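Visitor: Sharing a structure, written as structure tokens. Questions coming.
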Amino acid sequence: MKQLELACADTRQNIILFHAAGGTGKTALLKAWLKQLQANNWNGFDKVYGWSFYIQGTDEARQASSESFVHDALGFFGDAEPDAGTALDKAARLVALVQAQKTLLLLDGLEPLQHKAQPQGKLRDAGLERLLNDLALHNPGLLVVSSRLAIPGFDWQGVAQIPVDAFAAADGAALLQALGVQGTVQELETASTAFGGHGLALVLLATWLKALHGADVRCHQEVALLDAADVEYFGGHAQRVMRSYEQFFGEDSAEIALLKVLSLFDRPVCWEEVMVVLEPPLIQGLTDKLGHVEKQGGFLGFFQHETFVRLDDKHWVVLLQRLGEARLLNNSADADLGDEVVIAQSEDWTPLKVFDTHPLIREHFAAGLQRMPDVWREANRRLYEYYKNQAVEFPDSFETMQPLYAAVGHGCRAGLHQEVLEDVFRKRIQRNEAFSWKKLGLFGSDLSAWANFFIIPWGKLISELKDTSKGFILNEVALCLRAQSRLREALEPMRAGEDMRVAQESWLNAAKSAGNLSELQVTLGDLSAAVESAQRSVAWADKSEDAFWRMVSHTTLADALQLSGDSEAALVLFAEAEIMQQEWQPEYPLLYGLQGYRYCDALLAGVVQMDDSAARALILELREWGEKTLDWVTNHFTNMGLLDISLHHLSLARVLALSTRFAADGAGANPPYTDDSSAQAAEIGGHFQQAVAGLRDCGQVQELPRGLLHRATWYMQQGRLAAAQRDLQEALQIAQRGEMRLFEVDARLGFAALLKLPGFENREALEPNLTAGVHLDRAEALIDATGYESRRGRLAALRQ
């Protein structure tokens with residue numbers, strides 16, 4: 001508490017992260033502190049916003065996303081379009097809104113968005129990582145985070161990662177005594193030590209001792225024992241007490257049944273949702289403990305319907321009171337910050353408006369319920385049907401899509417994987433056109449939903465799925481991981497997807513998988529592997545005899561070869577691809593979309609080696625190509641995606657920017673421009689702005705550095721050095737977070753050029769005090785490691 005108070009007064013303190021095992025008391029600490037702040041008129045903070053990531057499981061198979069948090073927070077802080085942009089762009093807007101005033105931002109239970117395996121604690125959500133990193137650099141207010149895990153490598157200036165230790169023996173004894181447990185100091189300390197000083201375990205122990213043993217601390221030895229391995233599990237000591245409560249209440253008791261019902265959810269739930277599980281017919285071994293079914297209505301015994309009748313008021317009140325007193329169900333004492341949890345305190349029964357319990361308690365009873373597979377599946381099936389029917393048929397916003405994502409989770413836990421895939425995911429979430437991420441940018445939500453189809457993400461799929469469905473899922477998961485900058489993780493499902501489709505002799509899908517894998521390997525800077533994958537894509541596409549994908553695979557291979565330095569072979573392949581395009585669509589005889597961008601990029605790379613006359617002729621030709629194909633993708637093709645349109649704006653901007661350089665040199669007739677330079681700059685700038693904005697909004701983070709880097713080059717040409725620095729900084733940040741090594745090379749080459757320009761004064765870049773020489777050294781090391789030979793010439797020119 002003292003450290004939090006000091007952080008509020010210290011403008012240099014930007015982030016505090018408390019980390020400790022589940023149940024240690026992190027959330028209790030934050031709630032107690034917030035209560036103090038509230039009484040003190042929020043201690044000068046202009047805005048206070050808190051979010052709890054309820055899915056606090058320790059299972060690596062659970063995949064969480066920050067999308068719900070970011071969407072809600074953007075709305076709270078006044079963003080006009082919380083659905084717009086990539087995950088990184090939304091995070092950047094949220095950072096700006098938080099930084100605009102003195103804000104207290106609290107994120108509770110961050111561990112679902114962190115890796116549990118190595119590197120343990122590393123954030124696996126691109127948007128959240130950007131939020132934390134940017135607020136670490138500058139934050140007029142304070143960000144307070146709690147998690148079961150520390151964040152490795154996050155020991156920055158302005159960031160404090162503080163472990164919340166278990167209670168020392170004396171403090172644990174004091175806690176037990178404060179909770180009404182009786183015994184000598186030594187006996188209390190012995191009990192505290194026996195339970196590892198674990199906060200939740202000691203609280204549960206105190207209520208257990210008072211309920212069963214007259215608060216006598218000596219009886220702590222009667223609490224159920226666990227194996228050593230179970231005690232090592234986060235919250236293992238709390239599990240000991242929960243097992244004892246199971247023995248006390250009885251496995252078949254109403255109390256345990258209600259806790260098992262609540263364990264079906266990963267968040268607080270309302271009475272209506274609980275009733276979905278309780279409705280008739282009764283689930284033997286679960287809901288039959290909480291009431292009975294009566295036949296009601298009808299005429300002369302006909303047209304009757306069954307209604308679930310809960311325990312009578314008196315029994316229900318006692319049940320809720322016992323669970324509340326045992327601290328197994330949140331009660332009104334916990335509702336000090338606006339929660340609507342109300343435990344009935346009299347025989348006038350009032351249902352809970354919201355049911356909730358500690359995440360460790362949910363985990364414990366969920367594990368017990370899963371040992372009753374028929375009961376587990378039936379309860380989840382009911383929730384699947386409920387959420388599926390609650391949702392509008394075809395949701396078109398973040399909020400309206402959420403019930404369908406909930407339906408996916410419960411449907412898969414009910415064992416209905418194939419039905420869920422076809423009837424909910426593909427038909428209503430994706431609509432067979434990737435609607436959820438193409439239109440709404442919900443890569444993170446899709447990824448969380450896809451995790452339900454895996455036994456071990458992202459390797460072993462549920463065996464009951466059709467083989468064709470498995471290949472589809474692997475490809476979709478890889479695309480979502482790539483868009484989230486989790487590029488290394490995307491490699492395994494991409495490889496597995498290709499292997500599966502080859503085994504099925506599904507040559508067209510195999511070509512797509514191999515092509516996607518090549519593109520991913522290019523982004524990561526594994527160019528030799530990218531060439532091999534692209535060669536396989538060509539082979540599979542030729543086997544498929546699909547005209548479009550034969551053309552696409554040729555450009556994928558050409559791009560990998562071009563970047564590797566084999567421009568001659570690349571240009572031959574591009575020319576072959578354009579012939580294929582002419583045969584496939586005679587009315588559109590030029591390469592366009594991503595394929596056209598790649599060809600243009602390869603041609604522009606050769607301009608520096610041409611004489612002025614040849615260069616000028618090529619630029620004029622590319623300008624005609626750019627204007628014509630931009631018209632095609634914006635006005636002729638209704639199904640053209642934002643990525644393709646943005647890349648066309650980027651190509652045309654680069655071509656026009658080069659044309660002004662040759663016109664400025666005054667060489668040759670028929671310069672591309674005859675009007676004044678301000679009009680030239682406005683047109684070029686317009687194309688660059690549309691390109692970068694579109695690359696942000698298309699939801700694919702791995703494409704954004706492309707636009708930023710080329711715009712930075714143009715800004716330097718215009719003398720707008722501060723703007724160039726901003727673009728280079730953002731591109732380098734994205735590249736480093738996602739291991740996009742080729743983009744990192746280009747960003748460092750850009751910084752080297754920028755630092756040598758006269759008039760550049762702001763040298764406190766992303767990595768302060770790096771000289772141009774250091775940037776070039778790091779770029780050269782990456783070129784050597786990746787085989788990015790197409791940049792070797794620029795490196796040499798900058799060194800010179």
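Identifiers in this document derive from the order of the structure tokens: chains are assigned A, B, ..., residues are numbered from 1 separately in each chain, and ligands are numbered from 1 in order of occurrence.
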Need the shell around region 187-193 of chain A: protein/DNA/RNA residues with any atom at most 10 Å away, counting only C-alpha atoms. Skip same-chain ones fewer than 2 positions apart. Format as a ChimeraX atom specification?

Guide: /A:166-177,181-185,195-199,201-202,205,216-221

Visitor: How about saving the chosen residues, N, CA and C atoms kept, as a PDB file, in the first residue's frame?

Guide:
ATOM      1  N   ALA A 166       4.270 -14.624   0.063  1.00  0.00           N
ATOM      2  CA  ALA A 166       3.389 -15.317   0.999  1.00  0.00           C
ATOM      3  C   ALA A 166       3.632 -14.756   2.403  1.00  0.00           C
ATOM      4  N   PHE A 167       2.673 -14.968   3.301  1.00  0.00           N
ATOM      5  CA  PHE A 167       2.809 -14.448   4.665  1.00  0.00           C
ATOM      6  C   PHE A 167       3.946 -15.143   5.406  1.00  0.00           C
ATOM      7  N   ALA A 168       4.749 -14.371   6.085  1.00  0.00           N
ATOM      8  CA  ALA A 168       5.672 -14.960   7.057  1.00  0.00           C
ATOM      9  C   ALA A 168       4.842 -15.588   8.168  1.00  0.00           C
ATOM     10  N   ALA A 169       5.470 -16.475   8.931  1.00  0.00           N
ATOM     11  CA  ALA A 169       4.732 -17.217   9.960  1.00  0.00           C
ATOM     12  C   ALA A 169       3.997 -16.290  10.921  1.00  0.00           C
ATOM     13  N   ALA A 170       4.671 -15.222  11.350  1.00  0.00           N
ATOM     14  CA  ALA A 170       4.057 -14.318  12.318  1.00  0.00           C
ATOM     15  C   ALA A 170       2.878 -13.574  11.704  1.00  0.00           C
ATOM     16  N   ASP A 171       3.022 -13.140  10.443  1.00  0.00           N
ATOM     17  CA  ASP A 171       1.924 -12.417   9.787  1.00  0.00           C
ATOM     18  C   ASP A 171       0.748 -13.335   9.503  1.00  0.00           C
ATOM     19  N   GLY A 172       1.052 -14.585   9.076  1.00  0.00           N
ATOM     20  CA  GLY A 172      -0.024 -15.546   8.856  1.00  0.00           C
ATOM     21  C   GLY A 172      -0.784 -15.831  10.139  1.00  0.00           C
ATOM     22  N   ALA A 173      -0.027 -15.910  11.256  1.00  0.00           N
ATOM     23  CA  ALA A 173      -0.674 -16.119  12.554  1.00  0.00           C
ATOM     24  C   ALA A 173      -1.580 -14.946  12.905  1.00  0.00           C
ATOM     25  N   ALA A 174      -1.110 -13.736  12.635  1.00  0.00           N
ATOM     26  CA  ALA A 174      -1.915 -12.543  12.911  1.00  0.00           C
ATOM     27  C   ALA A 174      -3.193 -12.538  12.076  1.00  0.00           C
ATOM     28  N   LEU A 175      -3.085 -12.981  10.805  1.00  0.00           N
ATOM     29  CA  LEU A 175      -4.262 -13.042   9.940  1.00  0.00           C
ATOM     30  C   LEU A 175      -5.275 -14.039  10.494  1.00  0.00           C
ATOM     31  N   LEU A 176      -4.815 -15.232  10.865  1.00  0.00           N
ATOM     32  CA  LEU A 176      -5.731 -16.220  11.423  1.00  0.00           C
ATOM     33  C   LEU A 176      -6.415 -15.693  12.680  1.00  0.00           C
ATOM     34  N   GLN A 177      -5.644 -15.027  13.508  1.00  0.00           N
ATOM     35  CA  GLN A 177      -6.212 -14.475  14.739  1.00  0.00           C
ATOM     36  C   GLN A 177      -7.239 -13.395  14.433  1.00  0.00           C
ATOM     37  N   VAL A 181      -9.678 -17.158  14.603  1.00  0.00           N
ATOM     38  CA  VAL A 181      -9.141 -18.470  14.966  1.00  0.00           C
ATOM     39  C   VAL A 181      -8.452 -18.356  16.325  1.00  0.00           C
ATOM     40  N   GLN A 182      -8.603 -19.373  17.141  1.00  0.00           N
ATOM     41  CA  GLN A 182      -8.085 -19.329  18.507  1.00  0.00           C
ATOM     42  C   GLN A 182      -6.931 -20.313  18.670  1.00  0.00           C
ATOM     43  N   GLY A 183      -5.939 -19.906  19.446  1.00  0.00           N
ATOM     44  CA  GLY A 183      -4.793 -20.751  19.731  1.00  0.00           C
ATOM     45  C   GLY A 183      -3.633 -19.899  20.181  1.00  0.00           C
ATOM     46  N   THR A 184      -2.561 -20.559  20.636  1.00  0.00           N
ATOM     47  CA  THR A 184      -1.377 -19.799  21.041  1.00  0.00           C
ATOM     48  C   THR A 184      -0.685 -19.248  19.800  1.00  0.00           C
ATOM     49  N   VAL A 185       0.225 -18.286  20.029  1.00  0.00           N
ATOM     50  CA  VAL A 185       0.961 -17.710  18.910  1.00  0.00           C
ATOM     51  C   VAL A 185       1.728 -18.795  18.166  1.00  0.00           C
ATOM     52  N   PHE A 195       0.357 -24.181   5.767  1.00  0.00           N
ATOM     53  CA  PHE A 195      -0.369 -23.807   4.552  1.00  0.00           C
ATOM     54  C   PHE A 195       0.421 -22.814   3.694  1.00  0.00           C
ATOM     55  N   GLY A 196       1.727 -22.802   3.885  1.00  0.00           N
ATOM     56  CA  GLY A 196       2.602 -22.024   3.018  1.00  0.00           C
ATOM     57  C   GLY A 196       2.416 -20.532   3.102  1.00  0.00           C
ATOM     58  N   GLY A 197       1.726 -20.037   4.137  1.00  0.00           N
ATOM     59  CA  GLY A 197       1.465 -18.605   4.220  1.00  0.00           C
ATOM     60  C   GLY A 197       0.617 -18.094   3.069  1.00  0.00           C
ATOM     61  N   HIS A 198      -0.139 -18.982   2.433  1.00  0.00           N
ATOM     62  CA  HIS A 198      -0.944 -18.625   1.253  1.00  0.00           C
ATOM     63  C   HIS A 198      -2.220 -17.925   1.691  1.00  0.00           C
ATOM     64  N   GLY A 199      -2.443 -16.717   1.189  1.00  0.00           N
ATOM     65  CA  GLY A 199      -3.531 -15.866   1.671  1.00  0.00           C
ATOM     66  C   GLY A 199      -4.897 -16.510   1.585  1.00  0.00           C
ATOM     67  N   ALA A 201      -5.695 -19.624   1.124  1.00  0.00           N
ATOM     68  CA  ALA A 201      -5.748 -20.860   1.915  1.00  0.00           C
ATOM     69  C   ALA A 201      -5.996 -20.545   3.384  1.00  0.00           C
ATOM     70  N   LEU A 202      -5.335 -19.512   3.910  1.00  0.00           N
ATOM     71  CA  LEU A 202      -5.513 -19.165   5.320  1.00  0.00           C
ATOM     72  C   LEU A 202      -6.916 -18.622   5.590  1.00  0.00           C
ATOM     73  N   LEU A 205      -9.148 -21.589   5.493  1.00  0.00           N
ATOM     74  CA  LEU A 205      -8.885 -22.393   6.690  1.00  0.00           C
ATOM     75  C   LEU A 205      -9.587 -21.800   7.902  1.00  0.00           C
ATOM     76  N   ASP A 216     -10.768 -23.736  16.700  1.00  0.00           N
ATOM     77  CA  ASP A 216      -9.555 -24.254  17.351  1.00  0.00           C
ATOM     78  C   ASP A 216      -8.479 -24.504  16.288  1.00  0.00           C
ATOM     79  N   VAL A 217      -7.390 -23.759  16.348  1.00  0.00           N
ATOM     80  CA  VAL A 217      -6.355 -23.854  15.335  1.00  0.00           C
ATOM     81  C   VAL A 217      -5.692 -25.219  15.315  1.00  0.00           C
ATOM     82  N   ARG A 218      -5.711 -25.937  16.433  1.00  0.00           N
ATOM     83  CA  ARG A 218      -5.041 -27.239  16.485  1.00  0.00           C
ATOM     84  C   ARG A 218      -5.672 -28.237  15.525  1.00  0.00           C
ATOM     85  N   CYS A 219      -6.878 -27.980  15.112  1.00  0.00           N
ATOM     86  CA  CYS A 219      -7.568 -28.905  14.204  1.00  0.00           C
ATOM     87  C   CYS A 219      -7.176 -28.707  12.737  1.00  0.00           C
ATOM     88  N   HIS A 220      -6.248 -27.781  12.479  1.00  0.00           N
ATOM     89  CA  HIS A 220      -5.838 -27.569  11.084  1.00  0.00           C
ATOM     90  C   HIS A 220      -5.235 -28.830  10.491  1.00  0.00           C
ATOM     91  N   GLN A 221      -4.735 -29.735  11.335  1.00  0.00           N
ATOM     92  CA  GLN A 221      -4.115 -30.951  10.841  1.00  0.00           C
ATOM     93  C   GLN A 221      -5.133 -31.901  10.216  1.00  0.00           C
TER      94      GLN A 221
END

Visitor: As a VMD selection string, please: every residue in region 162-239 of chain A that DSSP puts in helix (DSSP H, G or I).

Guide: chain A and resid 169 to 178 185 to 194 199 to 212 217 to 222 228 to 232 236 to 239

Visitor: Please compute the CA of Thr103 (chain A)-CA of Lys47 (chain A) distance, one decimal, in Å.

Guide: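 Separating CA of Thr103 (chain A) from CA of Lys47 (chain A) is a distance of 4.8 Å.
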
Visitor: As a list in words, please: the residues near His687 (chain A) (cut-off 8 Å, only C-alpha atoms, same-chain neighbours under 2 positions excluded).

Guide: His649, Leu650, Leu652, Ala653, Glu683, Ile684, Gly685, Gln689, Gln690 and Ala691 of chain A

Visitor: For CA of Thr27 (chain A) and CA of Arg243 (chain A), quote the distance in Å rounded to one decimal.

Guide: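 Those two atoms sit 23.3 Å apart.
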
Visitor: Could you check how far CA of Asp784 (chain A) sits from CA of Gly565 (chain A), in Å to one decimal?

Guide: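 CA of Gly565 (chain A) lies 12.4 Å from CA of Asp784 (chain A).
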
Visitor: Do you know which residues are at most 8 Å from Ser513 (chain A) counting only C-alpha atoms, after dropping those on the same chain fewer than 5 positions away, and could you put them as a PyMOL selection string?

Guide: chain A and resi 475+494-495+497-498+537

Visitor: I want to know what sits within 9 Å of Val538 (chain A), based on only C-alpha atoms, with residues of the same chain fewer than 3 positions away left out; could you give that as a ChimeraX atom specification?

Guide: /A:511,514-515,533-535,541-543,549-554,556-557

Visitor: I need the residues from that last selection saved to file as an mmCIF file, in the first residue's frame (with C-alpha atoms), if you can.

Guide:
data_model
loop_
_atom_site.group_PDB
_atom_site.id
_atom_site.type_symbol
_atom_site.label_atom_id
_atom_site.label_comp_id
_atom_site.auth_asym_id
_atom_site.auth_seq_id
_atom_site.Cartn_x
_atom_site.Cartn_y
_atom_site.Cartn_z
ATOM 1 C CA ALA A 511 -0.410 -24.661 -52.534
ATOM 2 C CA ALA A 514 2.902 -23.585 -48.643
ATOM 3 C CA GLY A 515 2.521 -20.058 -50.027
ATOM 4 C CA SER A 533 8.294 -23.371 -49.314
ATOM 5 C CA ALA A 534 7.477 -21.211 -52.336
ATOM 6 C CA GLN A 535 8.927 -23.833 -54.662
ATOM 7 C CA ALA A 541 -0.389 -25.290 -57.666
ATOM 8 C CA ASP A 542 0.764 -26.897 -60.928
ATOM 9 C CA LYS A 543 -0.737 -30.205 -59.750
ATOM 10 C CA TRP A 549 -3.042 -20.047 -57.769
ATOM 11 C CA ARG A 550 -0.445 -21.036 -60.369
ATOM 12 C CA MET A 551 0.012 -17.317 -60.995
ATOM 13 C CA VAL A 552 0.026 -16.461 -57.286
ATOM 14 C CA SER A 553 2.578 -19.135 -56.382
ATOM 15 C CA HIS A 554 4.925 -17.890 -59.106
ATOM 16 C CA THR A 556 5.427 -15.816 -54.085
ATOM 17 C CA LEU A 557 8.558 -17.637 -55.261
#
